[in-house]
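The file query.cif contains mmCIF, C-alpha atoms; chains and numbers go by the auth columns:
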```
data_structure
loop_
_atom_site.group_PDB
_atom_site.id
_atom_site.type_symbol
_atom_site.label_atom_id
_atom_site.label_comp_id
_atom_site.label_asym_id
_atom_site.label_seq_id
_atom_site.Cartn_x
_atom_site.Cartn_y
_atom_site.Cartn_z
_atom_site.B_iso_or_equiv
_atom_site.auth_seq_id
_atom_site.auth_asym_id
ATOM 1 C CA MET A 1 0.000 0.000 0.000 0.00 20 A
ATOM 2 C CA THR A 2 2.778 2.451 0.924 0.00 21 A
ATOM 3 C CA ILE A 3 4.737 1.669 -2.241 0.00 22 A
ATOM 4 C CA GLY A 4 1.615 2.179 -4.379 0.00 23 A
ATOM 5 C CA LEU A 5 0.894 5.535 -2.772 0.00 24 A
ATOM 6 C CA THR A 6 4.512 6.612 -3.186 0.00 25 A
ATOM 7 C CA LEU A 7 4.506 5.651 -6.866 0.00 26 A
ATOM 8 C CA ALA A 8 1.219 7.505 -7.401 0.00 27 A
ATOM 9 C CA LEU A 9 2.629 10.664 -5.791 0.00 28 A
ATOM 10 C CA VAL A 10 5.784 10.430 -7.900 0.00 29 A
ATOM 11 C CA ALA A 11 3.688 10.009 -11.063 0.00 30 A
ATOM 12 C CA VAL A 12 1.486 13.012 -10.220 0.00 31 A
ATOM 13 C CA SER A 13 4.553 15.124 -9.433 0.00 32 A
ATOM 14 C CA LEU A 14 6.224 14.104 -12.676 0.00 33 A
ATOM 15 C CA LEU A 15 3.135 14.877 -14.757 0.00 34 A
ATOM 16 C CA THR A 16 2.714 18.239 -13.032 0.00 35 A
ATOM 17 C CA GLY A 17 6.343 19.136 -13.734 0.00 36 A
ATOM 18 C CA VAL A 18 6.108 18.102 -17.378 0.00 37 A
ATOM 19 C CA ALA A 19 2.873 20.078 -17.850 0.00 38 A
ATOM 20 C CA TYR A 20 4.450 23.147 -16.237 0.00 39 A
ATOM 21 C CA LYS A 21 7.518 22.899 -18.465 0.00 40 A
ATOM 22 C CA LEU A 22 5.406 22.495 -21.588 0.00 41 A
ATOM 23 C CA PHE A 23 3.000 25.350 -20.963 0.00 42 A
ATOM 24 C CA HIS A 24 5.014 27.911 -18.948 0.00 43 A
ATOM 25 C CA GLY A 25 6.254 30.683 -21.203 0.00 44 A
ATOM 26 C CA ARG A 26 4.170 29.623 -24.156 0.00 45 A
ATOM 27 C CA GLY A 27 1.675 32.067 -25.354 0.00 46 A
ATOM 28 C CA HIS A 28 -1.593 31.873 -27.134 0.00 47 A
ATOM 29 C CA ARG A 29 -3.451 33.936 -29.650 0.00 48 A
ATOM 30 C CA VAL A 30 -6.200 36.092 -28.234 0.00 49 A
ATOM 31 C CA LEU A 31 -9.400 35.866 -30.199 0.00 50 A
ATOM 32 C CA GLY A 32 -11.734 38.802 -30.516 0.00 51 A
ATOM 33 C CA ALA A 33 -10.877 42.463 -30.352 0.00 52 A
ATOM 34 C CA ALA A 34 -10.071 43.017 -26.674 0.00 53 A
ATOM 35 C CA LEU A 35 -8.689 46.542 -26.430 0.00 54 A
ATOM 36 C CA VAL A 36 -6.236 47.964 -23.933 0.00 55 A
ATOM 37 C CA ASP A 37 -7.204 51.410 -22.654 0.00 56 A
ATOM 38 C CA LEU A 38 -3.996 53.359 -22.082 0.00 57 A
ATOM 39 C CA ALA A 39 -5.804 55.867 -19.859 0.00 58 A
ATOM 40 C CA LYS A 40 -6.822 53.074 -17.470 0.00 59 A
ATOM 41 C CA LEU A 41 -3.416 51.396 -17.726 0.00 60 A
ATOM 42 C CA LYS A 42 -1.757 54.629 -16.476 0.00 61 A
ATOM 43 C CA VAL A 43 1.781 53.830 -17.599 0.00 62 A
ATOM 44 C CA HIS A 44 4.640 56.252 -18.137 0.00 63 A
ATOM 45 C CA LYS A 45 7.624 56.144 -20.436 0.00 64 A
ATOM 46 C CA ASN A 46 10.553 58.472 -19.782 0.00 65 A
ATOM 47 C CA GLY A 47 8.416 60.355 -17.250 0.00 66 A
ATOM 48 C CA ASP A 48 5.562 61.092 -19.671 0.00 67 A
ATOM 49 C CA PRO A 49 2.208 59.317 -19.731 0.00 68 A
ATOM 50 C CA VAL A 50 1.796 56.934 -22.660 0.00 69 A
ATOM 51 C CA THR A 51 -1.191 58.061 -24.729 0.00 70 A
ATOM 52 C CA GLU A 52 -0.571 56.351 -28.091 0.00 71 A
ATOM 53 C CA PHE A 53 0.224 52.830 -29.218 0.00 72 A
ATOM 54 C CA GLY A 54 3.261 51.908 -31.297 0.00 73 A
ATOM 55 C CA ALA A 55 3.035 52.536 -35.043 0.00 74 A
ATOM 56 C CA LYS A 56 3.051 48.797 -35.808 0.00 75 A
ATOM 57 C CA ALA A 57 2.750 47.074 -32.423 0.00 76 A
ATOM 58 C CA THR A 58 3.017 47.540 -28.667 0.00 77 A
ATOM 59 C CA LEU A 59 4.476 45.181 -26.079 0.00 78 A
ATOM 60 C CA VAL A 60 2.983 45.415 -22.593 0.00 79 A
ATOM 61 C CA LEU A 61 4.836 43.757 -19.725 0.00 80 A
ATOM 62 C CA PHE A 62 2.876 43.213 -16.522 0.00 81 A
ATOM 63 C CA SER A 63 5.303 42.815 -13.638 0.00 82 A
ATOM 64 C CA THR A 64 5.531 43.113 -9.875 0.00 83 A
ATOM 65 C CA LYS A 65 8.222 44.359 -7.514 0.00 84 A
ATOM 66 C CA TYR A 66 8.820 40.794 -6.334 0.00 85 A
ATOM 67 C CA CYS A 67 9.068 39.108 -9.742 0.00 86 A
ATOM 68 C CA GLY A 68 12.463 37.439 -10.126 0.00 87 A
ATOM 69 C CA GLN A 69 12.174 36.893 -13.889 0.00 88 A
ATOM 70 C CA CYS A 70 10.797 40.328 -14.777 0.00 89 A
ATOM 71 C CA PRO A 71 14.108 42.257 -14.977 0.00 90 A
ATOM 72 C CA ALA A 72 15.527 39.903 -17.629 0.00 91 A
ATOM 73 C CA VAL A 73 12.285 39.956 -19.611 0.00 92 A
ATOM 74 C CA ARG A 74 12.179 43.766 -19.322 0.00 93 A
ATOM 75 C CA ARG A 75 15.708 44.065 -20.743 0.00 94 A
ATOM 76 C CA ALA A 76 14.965 41.684 -23.611 0.00 95 A
ATOM 77 C CA LEU A 77 11.766 43.495 -24.597 0.00 96 A
ATOM 78 C CA ALA A 78 13.417 46.916 -24.304 0.00 97 A
ATOM 79 C CA LYS A 79 16.232 45.773 -26.616 0.00 98 A
ATOM 80 C CA LEU A 80 13.710 44.438 -29.086 0.00 99 A
ATOM 81 C CA ALA A 81 11.793 47.729 -29.078 0.00 100 A
ATOM 82 C CA HIS A 82 15.037 49.674 -29.446 0.00 101 A
ATOM 83 C CA ARG A 83 15.959 47.689 -32.563 0.00 102 A
ATOM 84 C CA HIS A 84 12.572 48.295 -34.188 0.00 103 A
ATOM 85 C CA GLY A 85 11.394 51.903 -34.225 0.00 104 A
ATOM 86 C CA SER A 86 7.740 51.135 -34.958 0.00 105 A
ATOM 87 C CA LEU A 87 7.482 49.048 -31.807 0.00 106 A
ATOM 88 C CA LEU A 88 6.558 50.493 -28.415 0.00 107 A
ATOM 89 C CA PHE A 89 7.433 48.726 -25.149 0.00 108 A
ATOM 90 C CA ILE A 90 5.662 49.684 -21.925 0.00 109 A
ATOM 91 C CA GLU A 91 5.570 48.130 -18.476 0.00 110 A
ATOM 92 C CA ALA A 92 2.752 48.110 -15.946 0.00 111 A
ATOM 93 C CA ASP A 93 3.684 47.259 -12.358 0.00 112 A
ATOM 94 C CA ILE A 94 0.653 45.514 -10.891 0.00 113 A
ATOM 95 C CA THR A 95 2.022 45.132 -7.364 0.00 114 A
ATOM 96 C CA ASP A 96 -0.499 47.683 -6.102 0.00 115 A
ATOM 97 C CA ARG A 97 -2.857 47.512 -9.092 0.00 116 A
ATOM 98 C CA LEU A 98 -5.046 44.526 -8.361 0.00 117 A
ATOM 99 C CA ASP A 99 -7.719 46.152 -10.536 0.00 118 A
ATOM 100 C CA LEU A 100 -5.495 45.613 -13.588 0.00 119 A
ATOM 101 C CA ALA A 101 -4.652 42.062 -12.592 0.00 120 A
ATOM 102 C CA ALA A 102 -8.339 41.235 -12.229 0.00 121 A
ATOM 103 C CA HIS A 103 -9.376 43.057 -15.415 0.00 122 A
ATOM 104 C CA PHE A 104 -6.806 41.244 -17.577 0.00 123 A
ATOM 105 C CA ASN A 105 -6.960 37.967 -15.593 0.00 124 A
ATOM 106 C CA ILE A 106 -3.245 38.065 -14.775 0.00 125 A
ATOM 107 C CA THR A 107 -2.313 35.222 -12.468 0.00 126 A
ATOM 108 C CA GLN A 108 1.469 35.259 -12.878 0.00 127 A
ATOM 109 C CA THR A 109 4.253 37.645 -13.667 0.00 128 A
ATOM 110 C CA PRO A 110 5.715 38.302 -16.039 0.00 129 A
ATOM 111 C CA THR A 111 2.736 38.397 -18.377 0.00 130 A
ATOM 112 C CA ILE A 112 3.248 39.919 -21.802 0.00 131 A
ATOM 113 C CA PHE A 113 0.663 41.219 -24.260 0.00 132 A
ATOM 114 C CA VAL A 114 1.419 41.820 -27.914 0.00 133 A
ATOM 115 C CA LEU A 115 -0.931 44.526 -29.188 0.00 134 A
ATOM 116 C CA ASN A 116 -1.508 45.610 -32.761 0.00 135 A
ATOM 117 C CA HIS A 117 -1.329 49.280 -33.780 0.00 136 A
ATOM 118 C CA ARG A 118 -4.938 49.827 -32.625 0.00 137 A
ATOM 119 C CA GLY A 119 -4.265 48.431 -29.136 0.00 138 A
ATOM 120 C CA GLU A 120 -6.043 45.122 -29.665 0.00 139 A
ATOM 121 C CA ILE A 121 -4.559 42.209 -27.735 0.00 140 A
ATOM 122 C CA ARG A 122 -3.335 39.728 -30.336 0.00 141 A
ATOM 123 C CA TYR A 123 -1.053 37.466 -28.299 0.00 142 A
ATOM 124 C CA ARG A 124 -0.500 36.744 -24.631 0.00 143 A
ATOM 125 C CA VAL A 125 2.352 34.998 -22.818 0.00 144 A
ATOM 126 C CA GLY A 126 2.267 33.984 -19.158 0.00 145 A
ATOM 127 C CA GLY A 127 5.727 33.521 -17.695 0.00 146 A
ATOM 128 C CA THR A 128 9.106 34.003 -19.325 0.00 147 A
ATOM 129 C CA PRO A 129 8.548 33.709 -23.081 0.00 148 A
ATOM 130 C CA LYS A 130 10.218 30.943 -25.044 0.00 149 A
ATOM 131 C CA THR A 131 12.984 32.035 -27.426 0.00 150 A
ATOM 132 C CA ASN A 132 11.664 33.899 -30.488 0.00 151 A
ATOM 133 C CA THR A 133 8.014 33.627 -29.403 0.00 152 A
ATOM 134 C CA ILE A 134 7.518 37.385 -29.239 0.00 153 A
ATOM 135 C CA GLU A 135 9.471 38.004 -32.463 0.00 154 A
ATOM 136 C CA THR A 136 7.341 35.461 -34.327 0.00 155 A
ATOM 137 C CA GLU A 137 4.126 37.151 -33.240 0.00 156 A
ATOM 138 C CA LEU A 138 5.465 40.611 -34.057 0.00 157 A
ATOM 139 C CA ALA A 139 6.429 39.382 -37.524 0.00 158 A
ATOM 140 C CA LYS A 140 2.848 38.177 -38.036 0.00 159 A
ATOM 141 C CA LEU A 141 1.683 41.719 -37.282 0.00 160 A
ATOM 142 C CA GLY A 142 4.248 43.153 -39.717 0.00 161 A
ATOM 143 C CA ALA A 143 6.080 44.929 -36.905 0.00 162 A
ATOM 144 C CA LEU A 144 9.509 43.406 -37.614 0.00 163 A
#
```
Reformat the file's structure so that it appears as structure tokens.
Amino acid sequence: MTIGLTLALVAVSLLTGVAYKLFHGRGHRVLGAALVDLAKLKVHKNGDPVTEFGAKATLVLFSTKYCGQCPAVRRALAKLAHRHGSLLFIEADITDRLDLAAHFNITQTPTIFVLNHRGEIRYRVGGTPKTNTIETELAKLGAL
């Protein structure tokens, strides 16, 4: 009985770990035309409020003060935006903004949205994105 229970716990743990590894950092397309309202997002870039989306696309990083992976993701997205002038990168710290977390159903940080030039959410990644995931989605929007 004890051996059976131990083997069952090991199997559940293994399956949970495999599922986490497979799905963490993978994104999914967002169907419909869910819009991001920059006025409600209340983000700033270089000290000024952001009032317009990027010419081709916008990357939104939702982070918290306690997120260990967020600084590396922030640097990678900032570099990507720097290389492509029609791309805007903004970050929303949701540590004290539970309204944003609830509105966008954010359950982990980092969470990244890829928006088109109208501010429609086209792609969403929960966790650290897999290599080239963001670039692939931006290419689909014609932003790269």
Quiz item: Could you name the residues that touch region 122-131 of chain A at 9 Å or less, counting only C-alpha atoms, but leaving out those on the same chain fewer than 5 positions away, as JSON, numbers by chain?
Solution: {"A": [44, 46, 78, 79, 80, 81, 82, 83, 86, 87, 88, 89, 92, 117, 142, 143, 144, 145, 146, 147, 148, 153]}
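The gap separating CA of Lys84 (chain A) from CA of His136 (chain A) is 28.4 Å, in Å to one decimal.
With CA of Asn151 (chain A) on one side and CA of Glu110 (chain A) on the other, the separation reads 19.6 Å.
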Quiz item: So which one's closest to Glu71 (chain A), A:Thr155, A:Thr150, A:Asn135, A:Thr21? Using all atoms listed in the file, please.
Solution: A:Asn135
Exercise. Could you tell me how far CA of Leu157 (chain A) lies from CA of Ala91 (chain A), in Å and to one decimal?
Key: 19.3 Å
Practice problem: Using the chain letters and numbering of this document, enumerate as a count of residues only the residues selected by the PyMOL selection byres ((chain A and resi 104) around 10). | Solution: 13
